[in-house]
>>> print(open('final15.txt').read())   # compact mmCIF, C-alpha atoms and all ligand atoms
# COMPACT_ATOMS: atom_id res chain seq x y z
CA LEU B 1 9.83 -23.47 -7.96
CA ARG B 2 10.54 -20.50 -5.77
CA ARG B 3 13.95 -20.08 -7.33
CA HIS B 4 12.33 -20.13 -10.74
CA ARG B 5 9.68 -17.64 -9.69
CA HIS B 6 12.35 -15.43 -8.21
CA ARG B 7 14.37 -15.50 -11.42
CA ALA B 8 11.26 -14.63 -13.39
CA ALA B 9 10.67 -11.69 -11.08
CA VAL B 10 14.21 -10.43 -11.55
CA VAL B 11 13.90 -10.68 -15.31
CA ALA B 12 10.53 -8.95 -15.24
CA THR B 13 11.92 -6.21 -13.03
CA ALA B 14 14.87 -5.72 -15.32
CA LEU B 15 12.48 -5.39 -18.23
CA GLY B 16 10.32 -2.96 -16.32
CA LEU B 17 7.39 -5.35 -16.32
CA SER B 18 4.99 -6.03 -13.53
CA ALA B 19 5.75 -9.35 -11.89
CA LEU B 20 2.96 -10.97 -9.93
CA THR B 21 5.00 -12.79 -7.34
CA ALA B 22 5.25 -12.37 -3.60
CA CYS B 23 6.64 -8.91 -3.04
CA GLY B 24 8.31 -9.13 -6.43
CA GLY B 25 6.01 -6.99 -8.47
CA GLN B 26 6.54 -3.47 -9.57
CA ASN B 27 4.40 -0.41 -9.22
CA GLY B 28 3.75 0.25 -12.88
CA SER B 29 0.73 2.50 -12.45
CA GLY B 30 0.83 6.24 -12.79
CA THR B 31 -1.84 6.73 -10.16
CA ASP B 32 -0.76 9.03 -7.37
CA PRO B 33 -0.36 6.80 -4.31
CA THR B 34 -0.73 9.80 -2.01
CA GLU B 35 -4.30 10.53 -3.02
CA PRO B 36 -6.63 10.73 -0.03
CA ALA B 37 -8.03 7.45 1.12
CA ALA B 38 -11.73 6.81 0.85
CA PRO B 39 -13.60 7.22 4.13
CA PRO B 40 -14.08 3.97 6.04
CA THR B 41 -17.31 2.15 5.39
CA ALA B 42 -19.08 0.02 7.92
CA GLY B 43 -18.72 -3.12 5.85
CA SER B 44 -14.98 -3.02 5.50
CA ALA B 45 -13.73 -1.28 8.62
CA PRO B 46 -11.08 -3.09 10.63
CA GLY B 47 -12.71 -5.75 12.71
CA ALA B 48 -15.82 -5.81 10.58
CA THR B 49 -15.45 -9.51 9.83
CA GLY B 50 -16.53 -10.43 13.30
CA SER B 51 -15.91 -9.33 16.84
CA PRO B 52 -12.27 -10.23 17.36
CA LYS B 53 -11.30 -11.06 20.88
CA THR B 54 -8.08 -9.99 22.48
CA PRO B 55 -6.99 -13.19 24.19
CA GLU B 56 -4.29 -11.49 26.21
CA SER B 57 -4.48 -7.78 26.79
CA PRO B 58 -0.95 -6.34 26.79
CA ARG B 59 0.34 -4.11 29.55
CA SER B 60 2.47 -1.14 28.68
CA GLY B 61 5.25 -2.35 30.99
CA ASP B 62 5.86 -5.33 28.75
CA LEU B 63 7.55 -3.11 26.15
CA ALA B 64 9.53 -0.78 28.41
CA GLY B 65 13.20 -0.87 27.47
CA LYS B 66 12.77 -3.55 24.80
CA ARG B 67 14.89 -3.10 21.70
CA ILE B 68 12.80 -3.53 18.55
CA VAL B 69 13.83 -3.13 14.92
CA ILE B 70 11.14 -2.47 12.32
CA ASP B 71 12.05 -3.23 8.74
CA PRO B 72 9.71 -1.57 6.21
CA GLY B 73 9.88 -3.72 3.08
CA HIS B 74 11.43 -2.34 -0.15
CA ASN B 75 11.86 1.43 -0.70
CA GLY B 76 10.31 4.23 -2.75
CA ARG B 77 13.24 4.64 -5.14
CA ASN B 78 14.07 0.96 -5.67
CA ALA B 79 12.36 0.89 -9.07
CA ALA B 80 14.50 3.82 -10.22
CA ASN B 81 17.70 2.03 -9.21
CA PRO B 82 17.63 -1.41 -10.89
CA GLY B 83 21.42 -1.68 -10.99
CA TYR B 84 21.59 -1.17 -7.26
CA ILE B 85 18.77 -3.50 -6.20
CA ASN B 86 19.50 -6.29 -8.69
CA ARG B 87 23.10 -6.88 -7.62
CA GLN B 88 23.52 -10.20 -5.87
CA VAL B 89 24.23 -10.46 -2.15
CA ASP B 90 25.00 -13.43 0.09
CA ILE B 91 21.94 -14.75 1.96
CA GLY B 92 23.61 -17.47 4.03
CA ASN B 93 22.64 -20.40 1.82
CA GLY B 94 23.05 -18.84 -1.60
CA ARG B 95 22.84 -15.50 -3.32
CA LYS B 96 19.89 -13.28 -4.13
CA ALA B 97 19.10 -9.77 -5.39
CA CYS B 98 19.92 -6.94 -2.97
CA ASP B 99 16.27 -5.90 -2.85
CA THR B 100 13.10 -5.81 -4.97
CA THR B 101 10.60 -3.16 -5.93
CA GLY B 102 7.69 -4.76 -4.10
CA THR B 103 4.15 -4.96 -5.38
CA SER B 104 1.23 -2.52 -5.48
CA THR B 105 -2.55 -2.43 -5.66
CA ASN B 106 -4.01 -2.23 -9.16
CA ASP B 107 -4.74 1.45 -8.45
CA GLY B 108 -1.05 2.10 -7.80
CA TYR B 109 -0.82 2.20 -4.02
CA ALA B 110 2.67 0.80 -3.57
CA GLU B 111 3.78 -1.81 -1.08
CA HIS B 112 6.79 0.31 -0.10
CA GLU B 113 4.45 3.19 0.78
CA PHE B 114 2.21 0.91 2.83
CA ALA B 115 5.17 -0.71 4.58
CA TRP B 116 6.69 2.69 5.40
CA ASP B 117 3.42 4.09 6.76
CA VAL B 118 2.63 1.06 8.93
CA SER B 119 6.22 0.92 10.19
CA SER B 120 6.19 4.62 11.13
CA ARG B 121 2.92 4.20 12.99
CA LEU B 122 4.24 1.08 14.73
CA ALA B 123 7.43 2.92 15.77
CA ASP B 124 5.31 5.68 17.32
CA VAL B 125 3.16 3.23 19.28
CA LEU B 126 6.13 1.24 20.53
CA ARG B 127 8.04 4.35 21.59
CA GLU B 128 4.99 5.62 23.46
CA ARG B 129 5.06 2.36 25.37
CA GLY B 130 8.72 2.75 26.24
CA ALA B 131 10.47 0.56 23.67
CA LYS B 132 13.75 1.50 21.98
CA VAL B 133 13.03 1.38 18.26
CA ARG B 134 15.15 1.48 15.15
CA LEU B 135 13.94 1.47 11.54
CA THR B 136 16.03 -0.06 8.76
CA ARG B 137 15.48 2.97 6.50
CA PRO B 138 14.95 6.65 7.39
CA ASP B 139 12.21 7.48 4.87
CA ASN B 140 10.47 6.19 1.74
CA ASN B 141 12.51 8.25 -0.71
CA GLY B 142 15.63 6.12 -1.13
CA ARG B 143 16.85 2.74 -2.35
CA GLY B 144 17.50 -0.41 -0.36
CA PRO B 145 19.13 -1.12 1.98
CA CYS B 146 20.02 -4.57 0.69
CA ILE B 147 18.45 -7.52 2.46
CA ASP B 148 21.74 -8.55 4.09
CA GLN B 149 22.13 -5.04 5.49
CA ARG B 150 18.55 -5.08 6.77
CA ALA B 151 19.45 -8.19 8.80
CA ALA B 152 22.72 -6.62 9.96
CA ILE B 153 20.88 -3.59 11.35
CA GLY B 154 18.86 -5.81 13.68
CA ASN B 155 21.98 -7.72 14.71
CA GLU B 156 24.05 -4.60 15.40
CA PHE B 157 21.21 -3.03 17.40
CA GLU B 158 21.11 -6.27 19.42
CA ALA B 159 17.37 -6.23 18.96
CA ASP B 160 15.16 -8.27 21.23
CA ALA B 161 12.86 -8.75 18.24
CA VAL B 162 12.53 -7.66 14.60
CA VAL B 163 9.56 -7.48 12.27
CA SER B 164 9.76 -6.92 8.53
CA VAL B 165 6.57 -5.32 7.22
CA HIS B 166 5.24 -6.31 3.78
CA ALA B 167 2.08 -6.80 1.76
CA ASP B 168 1.85 -9.47 -0.89
CA GLY B 169 1.13 -9.51 -4.60
CA ALA B 170 -0.69 -12.78 -5.29
CA GLU B 171 -3.53 -13.83 -7.58
CA PRO B 172 -6.61 -11.59 -7.12
CA SER B 173 -8.78 -14.29 -5.53
CA ALA B 174 -6.20 -14.96 -2.80
CA LYS B 175 -6.56 -13.09 0.47
CA GLY B 176 -5.63 -12.93 4.13
CA PHE B 177 -2.41 -12.31 6.02
CA HIS B 178 0.48 -14.55 6.95
CA ILE B 179 3.70 -14.62 8.93
CA ILE B 180 6.94 -15.77 7.32
CA GLU B 181 9.18 -17.35 9.94
CA PRO B 182 12.76 -18.61 9.57
CA LYS B 183 13.12 -22.25 8.57
CA ALA B 184 16.29 -23.76 10.00
CA VAL B 185 19.38 -23.65 7.78
CA ALA B 186 22.18 -25.75 9.31
CA GLY B 187 24.97 -23.62 10.64
CA VAL B 188 23.23 -20.40 9.61
CA ASN B 189 20.16 -19.44 11.64
CA GLU B 190 19.33 -22.34 13.97
CA PRO B 191 19.68 -20.31 17.21
CA ILE B 192 16.80 -17.97 16.29
CA VAL B 193 14.29 -20.43 14.88
CA GLU B 194 12.38 -21.28 18.05
CA LYS B 195 12.18 -17.75 19.43
CA SER B 196 11.19 -16.43 16.02
CA HIS B 197 8.39 -19.00 15.93
CA ARG B 198 7.08 -17.74 19.26
CA LEU B 199 7.36 -14.15 18.05
CA GLY B 200 5.48 -15.09 14.89
CA LEU B 201 2.65 -16.75 16.82
CA ALA B 202 2.30 -13.70 19.10
CA LEU B 203 2.19 -11.29 16.15
CA ARG B 204 -0.20 -13.57 14.22
CA ASP B 205 -2.67 -13.81 17.09
CA ALA B 206 -2.51 -10.09 17.82
CA PHE B 207 -2.92 -9.17 14.14
CA LYS B 208 -5.97 -11.40 13.79
CA ALA B 209 -7.50 -10.10 17.02
CA GLY B 210 -6.80 -6.46 16.26
CA THR B 211 -7.69 -6.28 12.57
CA GLY B 212 -10.21 -9.09 12.20
CA ARG B 213 -8.43 -10.20 9.02
CA PRO B 214 -8.47 -13.87 8.07
CA TYR B 215 -5.51 -16.21 7.79
CA SER B 216 -4.02 -16.44 4.32
CA THR B 217 -5.99 -18.56 1.89
CA TYR B 218 -2.90 -19.26 -0.22
CA ARG B 219 0.26 -19.46 1.91
CA GLY B 220 1.30 -21.30 5.06
CA THR B 221 -0.56 -23.29 7.67
CA ARG B 222 -2.78 -21.22 9.93
CA ALA B 223 -0.95 -18.18 8.56
CA MET B 224 2.53 -19.48 9.46
CA ASP B 225 4.92 -20.01 6.53
CA PRO B 226 8.50 -21.17 7.31
CA ARG B 227 10.99 -20.22 4.57
CA ASP B 228 14.74 -20.52 4.09
CA ASP B 229 15.08 -18.43 0.91
CA LEU B 230 14.98 -14.98 2.50
CA GLY B 231 18.25 -13.26 3.37
CA GLY B 232 16.51 -11.04 5.88
CA LEU B 233 15.64 -14.13 7.94
CA ASN B 234 18.63 -16.37 7.20
CA LEU B 235 21.13 -13.73 8.27
CA SER B 236 19.36 -12.59 11.42
CA LYS B 237 21.00 -13.43 14.75
CA VAL B 238 18.02 -12.11 16.69
CA PRO B 239 14.37 -13.28 16.67
CA LYS B 240 12.75 -12.05 13.48
CA VAL B 241 9.71 -12.64 11.28
CA PHE B 242 8.09 -11.05 8.26
CA ILE B 243 4.41 -10.20 8.12
CA GLU B 244 2.57 -10.12 4.80
CA CYS B 245 -0.42 -8.00 5.83
CA GLY B 246 -2.62 -9.17 2.97
CA ASN B 247 -2.78 -9.37 -0.81
CA MET B 248 -2.58 -6.01 -2.60
CA LYS B 249 -3.97 -7.61 -5.78
CA ASN B 250 -7.18 -8.65 -4.01
CA PRO B 251 -9.80 -5.91 -4.60
CA GLU B 252 -11.27 -6.12 -1.09
CA GLU B 253 -7.87 -5.93 0.57
CA ALA B 254 -6.67 -3.22 -1.81
CA ARG B 255 -9.52 -0.98 -0.60
CA MET B 256 -8.46 -1.70 2.97
CA PHE B 257 -4.77 -0.92 2.58
CA VAL B 258 -5.40 2.69 1.51
CA LYS B 259 -7.33 3.49 4.69
CA PRO B 260 -5.26 5.16 7.43
CA ASP B 261 -7.57 3.62 10.04
CA PHE B 262 -6.64 0.15 8.86
CA ARG B 263 -2.93 0.94 8.89
CA GLN B 264 -3.23 2.30 12.43
CA ALA B 265 -5.06 -0.87 13.49
CA VAL B 266 -2.21 -2.92 12.02
CA ALA B 267 0.35 -0.89 13.96
CA ILE B 268 -1.49 -1.20 17.27
CA SER B 269 -2.04 -4.91 16.70
CA LEU B 270 1.64 -5.55 16.06
CA ALA B 271 2.65 -3.53 19.13
CA ASN B 272 0.24 -5.65 21.19
CA GLY B 273 1.82 -8.76 19.70
CA PHE B 274 5.29 -7.68 20.75
CA ALA B 275 4.01 -7.03 24.28
CA VAL B 276 2.57 -10.54 24.48
CA TYR B 277 5.82 -12.03 23.12
CA PHE B 278 7.92 -10.29 25.74
CA ARG B 279 5.59 -11.24 28.58
CA ARG B 280 5.75 -14.95 27.85
ZN ZN B 301 7.42 -7.19 0.12
>>> encode(input="final15.txt", output="structure tokens", more="lines below")
Ligand SMILES: [Zn+2]
Amino acid sequence: LRRHRHRAAVVATALGLSALTACGGQNGSGTDPTEPAAPPTAGSAPGATGSPKTPESPRSGDLAGKRIVIDPGHNGRNAANPGYINRQVDIGNGRKACDTTGTSTNDGYAEHEFAWDVSSRLADVLRERGAKVRLTRPDNNGRGPCIDQRAAIGNEFEADAVVSVHADGAEPSAKGFHIIEPKAVAGVNEPIVEKSHRLGLALRDAFKAGTGRPYSTYRGTRAMDPRDDLGGLNLSKVPKVFIECGNMKNPEEARMFVKPDFRQAVAISLANGFAVYFRR
């Protein structure tokens, strides 16, 4: 099913159509994604869905000296380079497209823009707390890198942990966030599965506590979704997970993604999650 959906996404991308699959859609809107975000409203501010507790408050020392790679999903010029991103690369248990365009809100705020902004904010927070941080791309104005290269960057940096930042493109009624963790592939990624699971739980709990967002209504169990079809996870030799921060096609979440305050809350939450992971 996933393979079929993936193939459909590739075909749709090649045709320049919008594909409504996880991270596989394309920003087909002409709306300027840099337009100023609407001011936060009381009803939809981060944490407005309750009073989230921080079960374990992180200490700054937990991040000092830790090597963390942040992988902002997709890239701003992927859509303009279909030949580059559609070429097939090895993903450990098969082959898959180098990269995809990602999805967007219906108003044209692109996933790659969101992922880049959150990742930049997260890098700042982690560096302030003493971590050594590397990003898998230098800006949001290029193409790729391919998913195998994104994994290689974490491996070569000998990262203590890696997070790949995404937002999903699911049916409009679906909402909530989830973690994608590596599912064991024999002889490929078994050494990182358990640590990645612990990393995923720490980031999940911190994200929920810090943003007040609900677990995904459409993927995973309690927001944890093990997968073996992602090159970025299969090829990692260091603990790594993806986070899908919500559904860009859901109107409520679309309004949230464009708010800088929300993106800052995401960054701080993820930094707190890393601190908890390293303390355990
Ligand atoms: Zn994505």
>>> atom_distance(input="final15.txt", atom1="CA of Lys237 (chain B)", atom2="CA of Arg198 (chain B)")
15.3 Å
>>> closest_residue(input="final15.txt", among="B:Leu203, B:Ala161, B:Ala110, B:Val188", to="ligand ZN 301 (chain B)", atoms="all atoms listed in the file")
B:Ala110
>>> residues_near_ligand(input="final15.txt", ligand="ligand ZN 301 (chain B)", cutoff="8 Å", atoms="only C-alpha atoms and all ligand atoms", output="list in words")
Ala22, Cys23, Gly24, Gly73, His74, Thr100, Thr101, Gly102, Thr103, Glu111, His112, Val165, His166, Ala167, Asp168 and Glu244 of chain B
>>> write_last_selection(input="final15.txt", atoms="C-alpha atoms", output="mmCIF file, in the frame of the given file")
data_model
loop_
_atom_site.group_PDB
_atom_site.id
_atom_site.type_symbol
_atom_site.label_atom_id
_atom_site.label_comp_id
_atom_site.auth_asym_id
_atom_site.auth_seq_id
_atom_site.Cartn_x
_atom_site.Cartn_y
_atom_site.Cartn_z
ATOM 1 C CA ALA B 22 5.250 -12.370 -3.600
ATOM 2 C CA CYS B 23 6.640 -8.910 -3.040
ATOM 3 C CA GLY B 24 8.310 -9.130 -6.430
ATOM 4 C CA GLY B 73 9.880 -3.720 3.080
ATOM 5 C CA HIS B 74 11.430 -2.340 -0.150
ATOM 6 C CA THR B 100 13.100 -5.810 -4.970
ATOM 7 C CA THR B 101 10.600 -3.160 -5.930
ATOM 8 C CA GLY B 102 7.690 -4.760 -4.100
ATOM 9 C CA THR B 103 4.150 -4.960 -5.380
ATOM 10 C CA GLU B 111 3.780 -1.810 -1.080
ATOM 11 C CA HIS B 112 6.790 0.310 -0.100
ATOM 12 C CA VAL B 165 6.570 -5.320 7.220
ATOM 13 C CA HIS B 166 5.240 -6.310 3.780
ATOM 14 C CA ALA B 167 2.080 -6.800 1.760
ATOM 15 C CA ASP B 168 1.850 -9.470 -0.890
ATOM 16 C CA GLU B 244 2.570 -10.120 4.800
#
>>> residues_around(input="final15.txt", residues="Arg222 (chain B)", least_positions_apart="5", cutoff="9 Å", atoms="only C-alpha atoms", output="short mmCIF file (atom, residue, chain, number, x, y, z; two decimals) with C-alpha atoms, in the coordinates of the input")
data_model
loop_
_atom_site.label_atom_id
_atom_site.label_comp_id
_atom_site.auth_asym_id
_atom_site.auth_seq_id
_atom_site.Cartn_x
_atom_site.Cartn_y
_atom_site.Cartn_z
CA HIS B 178 0.48 -14.55 6.95
CA TYR B 215 -5.51 -16.21 7.79
CA SER B 216 -4.02 -16.44 4.32
#
>>> residues_near_point(input="final15.txt", point="(8.3, 0.4, 24.5)", cutoff="7 Å", atoms="all atoms listed in the file", output="VMD selection string")
chain B and resid 63 to 66 126 to 132
>>> atom_distance(input="final15.txt", atom1="CA of Val266 (chain B)", atom2="CA of Asp124 (chain B)")
12.6 Å
>>> closest_residue(input="final15.txt", among="B:Glu156, B:Asp139, B:Glu181, B:Glu171", to="Ser120 (chain B)", atoms="only C-alpha atoms")
B:Asp139
>>> closest_residue(input="final15.txt", among="B:Pro191, B:Gly76, B:Gly176, B:Gly232", to="Glu252 (chain B)", atoms="all atoms listed in the file")
B:Gly176
>>> atom_distance(input="final15.txt", atom1="CA of Asp205 (chain B)", atom2="CA of Gly220 (chain B)")
14.7 Å
